[in-house]
>>> print(open('data_36.tsv').read())   # TSV, C-alpha atoms
chain	number	residue	atom	x	y	z
A	1	MET	CA	14.33	-142.52	-99.10
A	2	SER	CA	12.37	-141.74	-102.27
A	3	TYR	CA	10.68	-138.46	-103.00
A	4	ALA	CA	6.92	-138.31	-103.18
A	5	PRO	CA	5.70	-138.10	-106.78
A	6	PHE	CA	3.80	-134.96	-107.70
A	7	LYS	CA	0.62	-136.94	-108.40
A	8	ILE	CA	0.67	-138.47	-104.91
A	9	ARG	CA	1.19	-135.02	-103.37
A	10	ILE	CA	-1.80	-133.70	-105.33
A	11	TYR	CA	-3.97	-136.59	-104.10
A	12	ALA	CA	-2.83	-135.93	-100.51
A	13	SER	CA	-3.67	-132.24	-100.93
A	14	LEU	CA	-7.12	-133.08	-102.26
A	15	LEU	CA	-7.78	-135.29	-99.23
A	16	ASP	CA	-6.62	-132.48	-96.94
A	17	TYR	CA	-8.88	-130.01	-98.72
A	18	LEU	CA	-11.75	-132.41	-98.11
A	19	VAL	CA	-10.91	-132.18	-94.38
A	20	ILE	CA	-10.88	-128.37	-94.72
A	21	VAL	CA	-14.24	-128.38	-96.54
A	22	ILE	CA	-15.79	-130.54	-93.81
A	23	TYR	CA	-14.44	-128.13	-91.19
A	24	GLY	CA	-15.75	-125.20	-93.27
A	25	ILE	CA	-19.23	-126.73	-93.37
A	26	PHE	CA	-19.08	-127.16	-89.59
A	27	ILE	CA	-18.04	-123.50	-89.18
A	28	GLY	CA	-20.78	-122.46	-91.60
A	29	GLY	CA	-23.34	-124.21	-89.41
A	30	ILE	CA	-22.01	-122.54	-86.28
A	31	SER	CA	-21.97	-119.20	-88.11
A	32	PHE	CA	-25.61	-119.67	-89.07
A	33	VAL	CA	-26.59	-120.32	-85.45
A	34	PHE	CA	-24.60	-117.31	-84.18
A	35	ARG	CA	-25.22	-115.04	-87.19
A	36	SER	CA	-26.63	-112.18	-85.10
A	37	PHE	CA	-23.32	-112.03	-83.21
A	38	LEU	CA	-21.03	-112.71	-86.19
A	39	ASN	CA	-22.76	-110.59	-88.85
A	40	PRO	CA	-21.41	-107.26	-87.49
A	41	LEU	CA	-17.90	-108.73	-87.43
A	42	PHE	CA	-18.14	-109.52	-91.14
A	43	THR	CA	-19.83	-106.29	-92.25
A	44	SER	CA	-18.33	-103.42	-90.26
A	45	SER	CA	-14.80	-103.24	-91.72
A	46	PRO	CA	-12.47	-105.29	-93.90
A	47	VAL	CA	-9.97	-105.56	-91.04
A	48	LYS	CA	-12.56	-106.99	-88.60
A	49	ALA	CA	-13.90	-109.33	-91.27
A	50	GLU	CA	-10.43	-110.58	-92.17
A	51	LEU	CA	-9.45	-111.10	-88.52
A	52	THR	CA	-12.71	-112.91	-87.78
A	53	GLY	CA	-12.18	-115.16	-90.81
A	54	PHE	CA	-8.57	-115.71	-89.78
A	55	PHE	CA	-9.50	-116.89	-86.29
A	56	MET	CA	-12.44	-118.99	-87.48
A	57	MET	CA	-10.88	-120.62	-90.55
A	58	THR	CA	-7.24	-119.84	-91.33
A	59	LEU	CA	-5.79	-120.35	-87.85
A	60	PRO	CA	-7.44	-123.75	-87.23
A	61	VAL	CA	-6.50	-124.97	-90.73
A	62	THR	CA	-2.88	-123.86	-90.38
A	63	LEU	CA	-2.69	-125.44	-86.92
A	64	TYR	CA	-3.93	-128.69	-88.46
A	65	PHE	CA	-1.00	-128.62	-90.92
A	66	ILE	CA	1.57	-127.41	-88.39
A	67	LEU	CA	0.73	-129.94	-85.69
A	68	CYS	CA	0.25	-132.90	-88.03
A	69	GLU	CA	3.46	-132.34	-89.99
A	70	CYS	CA	5.67	-132.04	-86.91
A	71	SER	CA	3.94	-134.93	-85.15
A	72	LYS	CA	5.18	-138.50	-85.01
A	73	TRP	CA	3.08	-139.17	-88.16
A	74	GLN	CA	5.00	-136.41	-90.03
A	75	GLY	CA	2.02	-135.52	-92.14
A	76	THR	CA	-1.60	-134.50	-92.39
A	77	LEU	CA	-4.40	-137.04	-92.84
A	78	GLY	CA	-4.03	-136.74	-96.62
A	79	LYS	CA	-0.29	-137.37	-96.51
A	80	ARG	CA	-0.73	-140.29	-94.12
A	81	LYS	CA	-3.41	-141.86	-96.33
A	82	MET	CA	-1.11	-141.51	-99.37
A	83	GLY	CA	1.92	-142.93	-97.50
A	84	ILE	CA	4.06	-139.79	-97.61
A	85	ARG	CA	5.61	-137.64	-94.90
A	86	VAL	CA	7.38	-134.33	-94.38
A	87	VAL	CA	11.05	-134.47	-93.34
A	88	ASP	CA	14.00	-132.13	-93.05
A	89	GLY	CA	16.98	-132.20	-95.41
A	90	VAL	CA	18.46	-135.30	-93.74
A	91	GLY	CA	15.22	-137.27	-93.50
A	92	GLN	CA	14.37	-136.48	-89.88
A	93	ARG	CA	11.08	-135.34	-88.42
A	94	ILE	CA	10.66	-131.56	-88.54
A	95	GLY	CA	10.12	-129.48	-85.42
A	96	ILE	CA	7.21	-127.22	-84.72
A	97	GLY	CA	9.14	-124.09	-85.74
A	98	ARG	CA	10.03	-125.43	-89.17
A	99	SER	CA	6.51	-126.79	-89.57
A	100	ALA	CA	5.00	-123.39	-88.69
A	101	PHE	CA	7.38	-121.64	-91.11
A	102	ARG	CA	6.58	-124.10	-93.93
A	103	THR	CA	2.85	-123.79	-93.33
A	104	ALA	CA	2.98	-119.98	-93.16
A	105	ILE	CA	4.68	-119.86	-96.56
A	106	LYS	CA	2.24	-122.42	-97.97
A	107	PHE	CA	-0.86	-120.49	-96.83
A	108	PHE	CA	0.45	-116.95	-97.36
A	109	PRO	CA	-1.31	-116.62	-100.76
A	110	TRP	CA	-4.57	-117.82	-99.19
A	111	GLU	CA	-4.42	-115.10	-96.54
A	112	VAL	CA	-3.41	-112.41	-99.05
A	113	ALA	CA	-6.43	-113.45	-101.15
A	114	HIS	CA	-8.65	-112.95	-98.09
A	115	PHE	CA	-7.10	-109.51	-97.65
A	116	GLY	CA	-8.01	-108.60	-101.23
A	117	ILE	CA	-11.49	-110.10	-101.22
A	118	TRP	CA	-12.55	-108.29	-98.05
A	119	ARG	CA	-11.32	-105.03	-99.54
A	120	LEU	CA	-13.44	-105.61	-102.63
A	121	MET	CA	-16.52	-106.41	-100.54
A	122	LEU	CA	-16.32	-103.67	-97.90
A	123	PRO	CA	-15.32	-99.99	-98.03
A	124	THR	CA	-11.55	-99.49	-97.90
A	125	ASP	CA	-8.83	-96.96	-98.64
A	126	PHE	CA	-7.32	-99.30	-101.25
A	127	SER	CA	-8.23	-98.59	-104.85
A	128	GLU	CA	-10.03	-101.34	-106.72
A	129	PHE	CA	-7.13	-101.46	-109.19
A	130	ILE	CA	-4.59	-102.16	-106.42
A	131	VAL	CA	-6.82	-104.88	-104.95
A	132	TYR	CA	-7.11	-106.57	-108.34
A	133	VAL	CA	-3.33	-106.40	-108.81
A	134	ILE	CA	-2.92	-108.08	-105.41
A	135	LEU	CA	-5.42	-110.80	-106.37
A	136	TYR	CA	-3.73	-111.39	-109.74
A	137	ALA	CA	-0.39	-111.68	-107.93
A	138	VAL	CA	-1.95	-114.29	-105.60
A	139	ASN	CA	-3.09	-116.29	-108.63
A	140	LEU	CA	0.42	-116.11	-110.08
A	141	VAL	CA	1.92	-117.42	-106.83
A	142	ILE	CA	-0.62	-120.25	-106.70
A	143	PHE	CA	0.25	-121.11	-110.32
A	144	LEU	CA	3.94	-121.18	-109.35
A	145	TYR	CA	3.10	-123.44	-106.39
A	146	LEU	CA	1.56	-125.86	-108.89
A	147	ILE	CA	4.40	-125.66	-111.45
A	148	ILE	CA	7.57	-125.54	-109.31
A	149	PRO	CA	7.36	-129.21	-108.16
A	150	LEU	CA	7.39	-130.26	-111.81
A	151	THR	CA	10.75	-128.54	-112.34
A	152	ASN	CA	12.91	-130.57	-109.96
A	153	LYS	CA	13.48	-134.26	-109.30
A	154	LYS	CA	12.76	-133.99	-105.56
A	155	ARG	CA	9.34	-132.47	-106.41
A	156	LYS	CA	10.01	-129.75	-103.85
A	157	ASN	CA	7.67	-126.81	-103.73
A	158	VAL	CA	8.51	-123.18	-102.96
A	159	TYR	CA	7.69	-123.66	-99.28
A	160	ASP	CA	9.83	-126.83	-99.17
A	161	TRP	CA	12.84	-124.97	-100.59
A	162	ILE	CA	12.46	-122.04	-98.21
A	163	ALA	CA	11.73	-124.16	-95.10
A	164	GLY	CA	14.34	-126.82	-95.89
A	165	THR	CA	11.85	-129.67	-96.04
A	166	GLU	CA	11.12	-132.58	-98.37
A	167	VAL	CA	8.10	-134.81	-98.85
A	168	VAL	CA	9.09	-138.47	-99.07
A	169	ARG	CA	7.53	-141.94	-99.23
>>> encode(input="data_36.tsv", output="structure tokens")
Amino acid sequence: MSYAPFKIRIYASLLDYLVIVIYGIFIGGISFVFRSFLNPLFTSSPVKAELTGFFMMTLPVTLYFILCECSKWQGTLGKRKMGIRVVDGVGQRIGIGRSAFRTAIKFFPWEVAHFGIWRLMLPTDFSEFIVYVILYAVNLVIFLYLIIPLTNKKRKNVYDWIAGTEVVR
């Protein structure tokens, strides 16, 4: 079992983000059609806006990762196309719990960024300074997510270490 090179993981991620963009365009089209219903959900409060965005975008995207990575294919479309898969520490397929945990850690910065952005766009009790600190912290975590795989021979990321997973060829 050989570990997936960082470059291959990046290519797989780019392919998965293409899937996410296509889904986002689809959701954008639906949002346009139902804008009179959705507009109040995105303009009344940051909490409603964040929850609406979560159910429309974040939840389906995370389910895509969770279900694909614990499936018999052991990976998303990007990983499958690049010939890599997600396994546990002994090379076995991961279960849905471990997949959900891994995905939650992976997408945590994304959801925290949504939290901050909605609080910049709509009235909130959070000071602008605190929101910017949160958003800078998100950028730091994303930077670490990009750097950490370069620091170890297994090319494990933060979420791989915490969830006990590896990405292999």
>>> closest_residue(input="data_36.tsv", among="A:Val112, A:Ile25, A:Val19, A:Ile117", to="Ala49 of chain A", atoms="all atoms listed in the file")
A:Ile117
>>> closest_residue(input="data_36.tsv", among="A:Leu51, A:Leu146, A:Ile27, A:Ile84", to="Ile8 of chain A", atoms="only C-alpha atoms")
A:Ile84
>>> closest_residue(input="data_36.tsv", among="A:Thr52, A:Leu41, A:Ile30, A:Val61", to="Asp16 of chain A", atoms="only C-alpha atoms")
A:Val61
>>> closest_residue(input="data_36.tsv", among="A:Arg35, A:Arg102, A:Lys72, A:Arg119", to="Lys156 of chain A", atoms="all atoms listed in the file")
A:Arg102
>>> atom_distance(input="data_36.tsv", atom1="atom CA of Gly89 of chain A", atom2="atom CA of Tyr11 of chain A")
23.1 Å
